[in-house]
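**Q** One file is attached below, coords.txt, containing compact mmCIF, C-alpha atoms.
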```
# COMPACT_ATOMS: atom_id res chain seq x y z
CA MET K 1 137.40 83.57 61.90
CA ALA K 2 139.45 83.34 65.11
CA LYS K 3 141.06 86.57 66.26
CA ARG K 4 144.80 86.71 65.70
CA GLN K 5 146.64 86.79 69.00
CA ILE K 6 149.21 89.51 69.70
CA PRO K 7 152.76 88.14 70.00
CA VAL K 8 154.66 89.24 73.10
CA ILE K 9 158.43 89.37 72.52
CA VAL K 10 160.80 89.54 75.50
CA LEU K 11 163.92 91.66 74.94
CA ALA K 12 166.57 90.81 77.55
CA GLY K 13 170.24 91.52 78.17
CA PHE K 14 172.48 92.93 80.89
CA LEU K 15 172.96 96.62 81.56
CA GLY K 16 174.70 98.40 78.72
CA SER K 17 174.16 95.65 76.15
CA GLY K 18 172.02 97.94 73.98
CA LYS K 19 168.44 96.79 74.63
CA THR K 20 167.02 100.31 74.64
CA THR K 21 168.92 101.18 71.46
CA LEU K 22 167.53 98.08 69.77
CA LEU K 23 164.02 98.94 70.96
CA ASN K 24 164.48 102.47 69.62
CA HIS K 25 165.44 101.03 66.27
CA LEU K 26 162.40 98.73 66.15
CA LEU K 27 160.09 101.63 66.95
CA GLY K 28 161.63 103.84 64.31
CA ARG K 29 161.57 101.15 61.61
CA SER K 30 158.20 99.53 62.31
CA GLY K 31 156.43 100.89 59.24
CA GLY K 32 152.69 100.79 59.88
CA THR K 33 153.00 98.17 62.62
CA ARG K 34 151.71 99.37 65.98
CA ILE K 35 154.09 98.37 68.78
CA GLY K 36 153.24 98.27 72.47
CA ALA K 37 156.49 98.69 74.41
CA ILE K 38 156.67 97.66 78.06
CA VAL K 39 159.79 98.60 80.01
CA ASN K 40 160.26 96.50 83.13
CA ASP K 41 161.94 98.17 86.13
CA PHE K 42 162.45 101.70 84.86
CA GLY K 43 165.01 102.50 87.52
CA SER K 44 167.52 100.18 85.91
CA ILE K 45 167.41 101.34 82.30
CA GLU K 46 169.33 104.01 80.48
CA ILE K 47 168.43 107.63 81.02
CA ASP K 48 167.43 108.15 77.37
CA ALA K 49 164.43 105.86 77.79
CA MET K 50 163.45 107.67 80.96
CA SER K 51 163.52 111.01 79.18
CA VAL K 52 161.26 109.61 76.48
CA ALA K 53 158.56 108.48 78.88
CA GLY K 54 158.68 111.77 80.74
CA GLN K 55 157.48 110.16 83.94
CA VAL K 56 158.29 106.92 85.66
CA ASP K 57 155.02 105.73 87.11
CA SER K 58 152.48 105.82 84.31
CA MET K 59 151.63 104.79 80.80
CA VAL K 60 152.69 107.30 78.18
CA SER K 61 151.40 107.51 74.62
CA LEU K 62 154.18 108.03 72.09
CA GLY K 63 152.61 109.07 68.84
CA ASN K 64 149.99 106.94 67.16
CA GLY K 65 150.10 103.47 68.62
CA CYS K 66 153.34 103.11 70.55
CA LEU K 67 152.59 102.77 74.24
CA CYS K 68 155.49 102.74 76.68
CA CYS K 69 154.75 101.41 80.15
CA ALA K 70 156.98 101.52 83.24
CA VAL K 71 155.97 98.50 85.29
CA ASP K 72 156.92 96.14 88.05
CA THR K 73 156.63 92.45 87.19
CA SER K 74 153.61 92.16 89.48
CA GLU K 75 151.83 94.68 87.25
CA LEU K 76 152.79 93.03 83.99
CA ASP K 77 149.58 91.10 83.43
CA GLY K 78 147.51 94.24 83.91
CA PHE K 79 149.49 96.13 81.30
CA LEU K 80 149.25 93.22 78.88
CA ASP K 81 145.49 93.36 79.32
CA ARG K 82 145.45 97.08 78.54
CA LEU K 83 147.69 96.79 75.50
CA SER K 84 145.76 93.87 74.03
CA ARG K 85 142.39 95.62 74.13
CA PRO K 86 140.95 96.00 70.63
CA THR K 87 140.77 99.77 71.04
CA ALA K 88 144.58 99.94 71.39
CA ARG K 89 144.97 98.30 67.94
CA ILE K 90 148.41 96.98 68.89
CA ASP K 91 150.04 94.47 66.50
CA VAL K 92 152.99 93.32 68.62
CA ILE K 93 154.15 93.87 72.20
CA VAL K 94 157.85 94.13 73.11
CA ILE K 95 158.87 93.83 76.75
CA GLU K 96 162.27 95.29 77.54
CA ALA K 97 163.29 93.43 80.68
CA SER K 98 165.46 95.06 83.31
CA GLY K 99 169.18 94.52 82.90
CA LEU K 100 169.10 92.59 86.17
CA ALA K 101 165.88 90.69 85.48
CA GLU K 102 165.60 86.95 85.03
CA PRO K 103 164.01 86.49 81.60
CA GLN K 104 162.63 83.10 82.70
CA GLU K 105 160.42 84.90 85.22
CA VAL K 106 159.04 87.29 82.60
CA ILE K 107 158.40 84.37 80.24
CA ARG K 108 156.70 82.42 83.01
CA MET K 109 154.32 85.31 83.67
CA ILE K 110 153.40 85.58 79.98
CA LEU K 111 152.76 81.84 79.70
CA ALA K 112 150.73 81.84 82.92
CA SER K 113 148.56 84.75 81.82
CA ASP K 114 144.83 84.13 81.42
CA ASN K 115 144.75 86.70 78.61
CA LYS K 116 143.52 84.89 75.50
CA ASP K 117 144.45 87.79 73.22
CA ILE K 118 148.23 87.41 73.61
CA VAL K 119 150.74 84.68 72.87
CA TYR K 120 154.38 84.38 73.86
CA GLY K 121 156.50 85.38 70.88
CA GLY K 122 160.02 84.38 71.90
CA LEU K 123 163.06 85.60 73.86
CA VAL K 124 165.66 87.86 72.23
CA GLU K 125 168.87 88.10 74.27
CA VAL K 126 171.11 91.12 73.55
CA VAL K 127 174.82 90.50 74.19
CA ASP K 128 177.53 93.19 74.31
CA ALA K 129 180.40 92.05 72.08
CA ALA K 130 182.80 94.69 73.42
CA GLU K 131 182.21 93.69 77.05
CA PHE K 132 181.42 90.01 76.54
CA ALA K 133 184.16 88.52 78.72
CA ALA K 134 183.69 91.10 81.49
CA THR K 135 179.90 90.70 81.49
CA ARG K 136 180.17 86.93 81.58
CA ALA K 137 182.57 87.09 84.53
CA ARG K 138 180.36 89.57 86.39
CA HIS K 139 177.10 87.80 85.50
CA PRO K 140 177.70 84.05 85.00
CA GLU K 141 173.94 83.66 84.57
CA LEU K 142 174.46 85.08 81.06
CA ASP K 143 175.25 81.53 79.95
CA ARG K 144 171.83 80.37 81.10
CA HIS K 145 170.07 83.29 79.43
CA VAL K 146 171.76 82.55 76.09
CA ALA K 147 170.85 78.87 76.42
CA ILE K 148 167.12 79.60 76.65
CA ALA K 149 167.04 82.41 74.06
CA ASP K 150 165.27 81.98 70.73
CA LEU K 151 167.46 84.59 69.05
CA VAL K 152 170.71 86.19 70.21
CA VAL K 153 171.74 89.65 69.01
CA LEU K 154 175.51 90.17 69.28
CA ASN K 155 175.39 93.94 69.58
CA LYS K 156 178.37 96.29 69.22
CA ALA K 157 179.93 93.68 66.93
CA ASP K 158 181.67 96.51 65.10
CA ARG K 159 183.72 97.29 68.21
CA VAL K 160 185.70 94.07 68.18
CA GLY K 161 188.05 92.63 65.57
CA ASP K 162 187.24 89.76 63.27
CA GLU K 163 189.16 87.22 65.35
CA ALA K 164 187.56 88.27 68.62
CA ARG K 165 184.11 88.32 67.03
CA ALA K 166 184.59 84.82 65.65
CA GLU K 167 185.64 83.62 69.10
CA ILE K 168 182.55 85.13 70.73
CA LEU K 169 180.31 83.60 68.07
CA GLY K 170 181.88 80.22 68.77
CA THR K 171 181.26 80.59 72.51
CA LEU K 172 177.64 81.60 71.94
CA ALA K 173 177.16 78.62 69.61
CA GLY K 174 178.35 76.36 72.40
CA LEU K 175 176.07 77.96 74.99
CA GLY K 176 172.99 77.76 72.77
CA PRO K 177 173.47 75.05 70.16
CA GLY K 178 171.38 75.80 67.10
CA THR K 179 170.24 79.21 68.36
CA PRO K 180 170.70 81.86 65.65
CA VAL K 181 173.07 84.73 66.45
CA VAL K 182 172.68 88.04 64.62
CA PRO K 183 175.73 90.36 64.70
CA ALA K 184 174.67 94.01 64.85
CA SER K 185 175.89 97.52 65.56
CA TYR K 186 173.76 100.13 67.35
CA GLY K 187 171.00 97.53 67.73
CA ARG K 188 170.18 97.78 64.03
CA ILE K 189 168.55 94.51 63.09
CA ASP K 190 165.84 94.03 60.53
CA PRO K 191 162.48 94.23 62.37
CA GLU K 192 161.26 91.52 59.99
CA LEU K 193 163.38 89.09 62.01
CA LEU K 194 160.93 89.56 64.89
CA PHE K 195 157.58 90.59 63.42
CA ASP K 196 155.84 91.42 60.16
CA ARG K 197 155.90 95.09 59.26
CA LYS K 198 152.72 96.53 57.82
CA PRO K 199 153.13 98.95 54.92
CA ARG K 200 153.00 102.58 55.92
CA GLU K 201 150.13 104.58 54.47
CA ASP K 202 150.66 107.61 52.23
CA ASP K 203 150.29 110.00 55.13
CA PRO K 204 153.02 108.98 57.57
CA SER K 205 151.46 111.04 60.35
CA THR K 206 148.57 108.59 60.56
CA THR K 207 150.66 105.50 61.26
CA ARG K 208 154.21 106.37 62.12
CA GLN K 209 155.57 105.48 65.55
CA LEU K 210 157.12 108.33 67.48
CA SER K 211 160.45 106.74 68.26
CA PHE K 212 163.05 107.40 70.93
CA GLU K 213 165.29 108.53 68.07
CA ASP K 214 162.79 111.23 67.10
CA LEU K 215 162.79 112.70 70.58
CA SER K 216 166.56 112.71 70.94
CA ALA K 217 166.90 114.11 67.37
CA ASP K 218 169.81 111.82 66.58
CA ASP K 219 168.22 110.41 63.42
CA GLU K 220 170.65 107.57 62.78
CA GLN K 221 173.82 109.36 63.84
CA ASP K 222 176.49 107.50 65.74
CA ALA K 223 178.74 108.74 68.51
CA HIS K 224 181.08 110.29 65.95
CA GLY K 225 178.29 112.34 64.42
CA HIS K 226 178.28 110.44 61.13
CA GLU K 227 175.08 109.37 59.46
CA ASP K 228 174.78 105.68 58.70
CA HIS K 229 174.89 105.09 54.96
CA GLY K 230 175.84 101.44 55.23
CA HIS K 231 179.63 101.90 55.20
CA ALA K 232 182.40 102.66 57.63
CA CYS K 233 183.09 106.13 58.95
CA PRO K 234 185.77 108.00 57.00
CA ASP K 235 187.93 108.43 60.09
CA GLY K 236 188.25 104.67 60.42
CA CYS K 237 186.17 104.36 63.57
CA GLY K 238 184.73 101.12 62.24
CA HIS K 239 181.19 101.99 63.24
CA GLY K 240 179.64 101.32 59.87
CA GLY K 241 176.12 99.89 59.68
CA HIS K 242 176.89 97.13 57.21
CA LEU K 243 176.97 94.14 59.58
CA HIS K 244 173.25 93.51 59.11
CA ALA K 245 173.38 93.57 55.33
CA ALA K 246 174.24 89.93 54.71
CA TYR K 247 170.78 88.47 55.33
CA GLU K 248 169.51 86.04 52.75
CA SER K 249 165.86 85.47 51.94
CA VAL K 250 164.31 82.35 50.44
CA GLU K 251 160.77 82.41 49.06
CA PHE K 252 158.80 79.20 48.60
CA VAL K 253 155.38 78.72 46.98
CA SER K 254 153.56 75.43 46.53
CA GLU K 255 150.18 74.77 44.97
CA GLU K 256 150.33 71.18 46.23
CA PRO K 257 149.40 70.58 49.88
CA MET K 258 152.24 70.11 52.34
CA ASP K 259 152.80 66.86 54.23
CA PRO K 260 152.63 67.76 57.95
CA ARG K 261 155.08 65.11 59.11
CA ARG K 262 157.71 66.01 56.55
CA LEU K 263 157.23 69.74 57.19
CA MET K 264 157.72 69.26 60.95
CA GLU K 265 160.86 67.23 60.28
CA PHE K 266 162.12 70.13 58.16
CA LEU K 267 161.27 72.69 60.86
CA ASP K 268 162.75 70.61 63.66
CA SER K 269 166.05 70.31 61.79
CA ARG K 270 166.29 73.88 60.49
CA PRO K 271 169.93 74.93 60.23
CA GLU K 272 171.92 77.40 62.28
CA GLY K 273 171.72 80.89 60.88
CA LEU K 274 168.04 80.61 59.92
CA TYR K 275 166.58 83.50 61.91
CA ARG K 276 162.97 83.74 60.79
CA ILE K 277 160.25 81.77 59.01
CA LYS K 278 156.89 83.32 58.19
CA GLY K 279 154.00 82.67 55.86
CA PHE K 280 151.02 80.38 55.28
CA VAL K 281 150.75 76.62 54.95
CA TYR K 282 148.03 74.58 53.28
CA PHE K 283 147.80 70.95 54.38
CA GLY K 284 144.47 70.07 52.77
CA ILE K 285 143.76 67.23 55.19
CA ALA K 286 140.20 66.28 56.09
CA GLY K 287 139.29 68.20 59.22
CA HIS K 288 142.29 70.51 58.86
CA LYS K 289 141.65 72.53 55.71
CA HIS K 290 142.31 75.84 57.46
CA LYS K 291 145.01 78.29 56.56
CA PHE K 292 147.89 77.72 58.99
CA THR K 293 149.99 80.84 59.55
CA VAL K 294 153.50 79.91 60.67
CA HIS K 295 155.76 82.18 62.73
CA ALA K 296 159.26 81.17 63.82
CA VAL K 297 161.96 83.29 65.45
CA GLY K 298 165.06 81.25 66.08
CA ASP K 299 163.97 78.20 68.07
CA PHE K 300 160.50 79.58 68.76
CA LEU K 301 157.75 78.14 66.56
CA ARG K 302 154.01 78.76 66.45
CA PHE K 303 151.12 77.99 64.07
CA TYR K 304 147.86 79.96 63.94
CA ARG K 305 144.67 78.62 62.36
CA SER K 306 142.31 80.82 60.38
CA SER K 307 139.81 80.48 57.55
CA TRP K 308 140.67 81.09 53.93
CA ALA K 309 138.91 83.97 52.26
CA ARG K 310 136.19 82.81 49.87
CA ALA K 311 138.15 83.60 46.70
CA GLU K 312 141.61 82.98 48.17
CA GLU K 313 143.76 80.41 46.42
CA ARG K 314 144.76 77.47 48.60
CA LEU K 315 148.52 77.31 48.51
CA THR K 316 151.60 77.50 50.71
CA GLN K 317 153.67 80.69 50.74
CA LEU K 318 156.74 80.91 52.96
CA VAL K 319 159.62 83.33 53.43
CA LEU K 320 162.79 82.19 55.23
CA ILE K 321 165.36 84.76 56.41
CA GLY K 322 168.85 83.81 57.51
CA ARG K 323 172.54 84.35 57.21
CA GLY K 324 175.13 81.89 55.93
CA VAL K 325 172.49 79.31 55.06
CA ASP K 326 172.39 77.01 52.04
CA THR K 327 169.44 78.51 50.18
CA GLU K 328 169.25 75.71 47.62
CA ALA K 329 169.19 73.10 50.41
CA LEU K 330 166.33 74.98 52.07
CA ARG K 331 164.31 75.01 48.86
CA ALA K 332 165.05 71.32 48.26
CA GLY K 333 164.00 70.49 51.82
CA LEU K 334 160.69 72.27 51.37
CA ASP K 335 160.15 70.67 47.98
CA ARG K 336 160.35 67.27 49.68
CA CYS K 337 157.46 68.32 51.94
CA ARG K 338 155.01 68.62 49.04
CA VAL K 339 152.29 66.04 48.53
CA THR K 340 152.87 65.48 44.82
CA GLU K 341 150.20 64.47 42.34
CA GLY K 342 149.29 60.80 42.65
CA ALA K 343 150.72 60.44 46.15
CA SER K 344 148.44 59.37 48.97
CA PRO K 345 147.34 62.33 51.09
CA ALA K 346 148.41 62.40 54.72
CA GLU K 347 145.92 61.10 57.26
CA GLU K 348 144.34 63.32 59.90
CA HIS K 349 146.48 61.99 62.76
CA ALA K 350 149.59 63.16 60.87
CA MET K 351 148.67 66.68 61.98
CA TRP K 352 149.54 65.94 65.60
CA GLY K 353 153.05 67.40 65.30
CA VAL K 354 151.72 70.65 63.84
CA LEU K 355 148.91 70.95 66.38
CA ARG K 356 151.41 70.81 69.24
CA TYR K 357 152.52 74.27 68.09
CA ALA K 358 149.08 75.57 67.07
CA GLN K 359 147.34 78.20 69.14
CA GLY K 360 143.75 77.46 70.12
```
Render the structure in this file as structure tokens.
**A**
Amino acid sequence: MAKRQIPVIVLAGFLGSGKTTLLNHLLGRSGGTRIGAIVNDFGSIEIDAMSVAGQVDSMVSLGNGCLCCAVDTSELDGFLDRLSRPTARIDVIVIEASGLAEPQEVIRMILASDNKDIVYGGLVEVVDAAEFAATRARHPELDRHVAIADLVVLNKADRVGDEARAEILGTLAGLGPGTPVVPASYGRIDPELLFDRKPREDDPSTTRQLSFEDLSADDEQDAHGHEDHGHACPDGCGHGGHLHAAYESVEFVSEEPMDPRRLMEFLDSRPEGLYRIKGFVYFGIAGHKHKFTVHAVGDFLRFYRSSWARAEERLTQLVLIGRGVDTEALRAGLDRCRVTEGASPAEEHAMWGVLRYAQG
């Protein structure tokens, strides 16, 4: 069976947008998933990340599996090689780009890498809601970054009113038509929007990431000193952690094979607000009877081929995560992709659309 490649996710955004806070959150909520974190251009990031690494010019091991690397872009490929070695047992790599970096350049380096053990996993652009207009005026290239992003996180969304937030969401929709935008506070998004979390074993010391939050001993406390219990602070500061709570999940299972053309039409027309698609697809076409793992974050889409286990049932299992989406329409759209009993199976050349997004 082909080795599963390690997705490399680029986390971008201008200074102060909350990239490090979001990375902290991912590390602290990763479950048993082993994250390799690469911080590009250490001199430009917040001091809390610098205090975590302890030194600027070397790789530092943070607990069991989280590796934080301070690198220049010219060194990036070397660090990707080190993190993707089997002995590191890394499941996903997150690159926090400098606040002044061009994400296109980081993406270009990942795509140009000769490393066969990694695969580009999408661009997440972090936008500061409270400073949106000022940041856009100071850095007009923000428009271009949003346009190429696969997922936009509107951070600090709790610091602006409903009307202002709606206006920003409208502007972002215009800059990146169809690109999902996730409102968040304190960078708290569900890690499942970016990668699959492995279950944590009974003994947390064997798998748990040592997060930035552990070292700073904040443990989910905001600037007012209140713990986040999913509601607003009693003093009316409006910093509650409830903005992320409105995600909707759709599960789909099919024992019938899926028609590749109809499935690609469904994926190509997926609605705004659909953040993540993950799972397995069975096409059952001659020459393509593999299990196809599908991974989508925003606009980014990738299929991975692998063999079914000997006793594994051949079926399609998908989970779709979004906000403000028509769940019944999603299920109906997937139902139309089934090859129902008595229908003619798709021919081999119908797989071309899927194979464009398949690795290997």
**Q** Give me, as number ranges by chain, all polymer residues having an atom no more than 12 Å from Gly174 in chain K, counting only C-alpha atoms and skipping those fewer than 4 positions away in the same chain.
**A** K: 143-144, 146-147, 167-170, 178-181
**Q** Mind dumping the selected residues with C-alpha atoms as a short mmCIF file (atom, residue, chain, number, x, y, z; two decimals), in the coordinates of the input?
**A**
```
data_model
loop_
_atom_site.label_atom_id
_atom_site.label_comp_id
_atom_site.auth_asym_id
_atom_site.auth_seq_id
_atom_site.Cartn_x
_atom_site.Cartn_y
_atom_site.Cartn_z
CA ASP K 143 175.25 81.53 79.95
CA ARG K 144 171.83 80.37 81.10
CA VAL K 146 171.76 82.55 76.09
CA ALA K 147 170.85 78.87 76.42
CA GLU K 167 185.64 83.62 69.10
CA ILE K 168 182.55 85.13 70.73
CA LEU K 169 180.31 83.60 68.07
CA GLY K 170 181.88 80.22 68.77
CA GLY K 178 171.38 75.80 67.10
CA THR K 179 170.24 79.21 68.36
CA PRO K 180 170.70 81.86 65.65
CA VAL K 181 173.07 84.73 66.45
#
```
**Q** Need the neighbours of (154.7, 90.5, 72.1): which residues are at most 8 Å away, counting all atoms listed in the file, as a PyMOL selection string?
**A** chain K and resi 6-10+36+92-95+118-121
**Q** Rounded to one decimal place, report the CA of Tyr186 in chain K-CA of Gly279 in chain K distance in Å.
**A**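 Answer for the CA of Tyr186 in chain K to CA of Gly279 in chain K separation: 28.8 Å.
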**Q** Quick one: distance from CA of Val124 in chain K to CA of Ala137 in chain K in Å, one decimal?
**A** 20.9 Å
**Q** What does the distance between CA of Gly28 in chain K and CA of Asp91 in chain K come to in Å, to one decimal place?
**A**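 Calculated distance between CA of Gly28 in chain K and CA of Asp91 in chain K is 15.1 Å.
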**Q** Between K:Ala166, K:Met258, K:Leu318, K:Val152, single out the one closest to Thr340 in chain K, counting all atoms listed in the file.
**A**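 Going through K:Ala166, K:Met258, K:Leu318, K:Val152 one by one, the smallest distance to Thr340 in chain K is for K:Met258.
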**Q** With only C-alpha atoms as the basis for distance, which of K:Ala350, K:Ala309, K:Leu15, K:Val253 is at the shortest distance from Ile285 in chain K?
**A**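 Of all the options, K:Ala350 lies closest to Ile285 in chain K.
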**Q** Leaving out Arg165 in chain K and any residue of its chain fewer than 3 positions from it, which residues lie within 12 Å of it when counting all atoms listed in the file, given as a short mmCIF file (atom, residue, chain, number, x, y, z; two decimals) with C-alpha atoms, keeping the file's coordinate frame?
**A**
```cif
data_model
loop_
_atom_site.label_atom_id
_atom_site.label_comp_id
_atom_site.auth_asym_id
_atom_site.auth_seq_id
_atom_site.Cartn_x
_atom_site.Cartn_y
_atom_site.Cartn_z
CA VAL K 127 174.82 90.50 74.19
CA ASP K 128 177.53 93.19 74.31
CA ALA K 129 180.40 92.05 72.08
CA ALA K 130 182.80 94.69 73.42
CA GLU K 131 182.21 93.69 77.05
CA PHE K 132 181.42 90.01 76.54
CA ALA K 133 184.16 88.52 78.72
CA LEU K 154 175.51 90.17 69.28
CA ASN K 155 175.39 93.94 69.58
CA LYS K 156 178.37 96.29 69.22
CA ALA K 157 179.93 93.68 66.93
CA ASP K 158 181.67 96.51 65.10
CA ARG K 159 183.72 97.29 68.21
CA VAL K 160 185.70 94.07 68.18
CA GLY K 161 188.05 92.63 65.57
CA ASP K 162 187.24 89.76 63.27
CA ILE K 168 182.55 85.13 70.73
CA LEU K 169 180.31 83.60 68.07
CA GLY K 170 181.88 80.22 68.77
CA THR K 171 181.26 80.59 72.51
CA LEU K 172 177.64 81.60 71.94
CA VAL K 181 173.07 84.73 66.45
CA VAL K 182 172.68 88.04 64.62
CA PRO K 183 175.73 90.36 64.70
CA ALA K 184 174.67 94.01 64.85
CA LEU K 243 176.97 94.14 59.58
#
```
**Q** Let me make sure I understand: among K:Cys337, K:Leu26, K:Leu193, K:Leu330, which one has the smallest atom-to-atom distance to Arg276 in chain K if we use all atoms listed in the file?
**A**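 Selected residue with least distance to Arg276 in chain K: K:Leu193.
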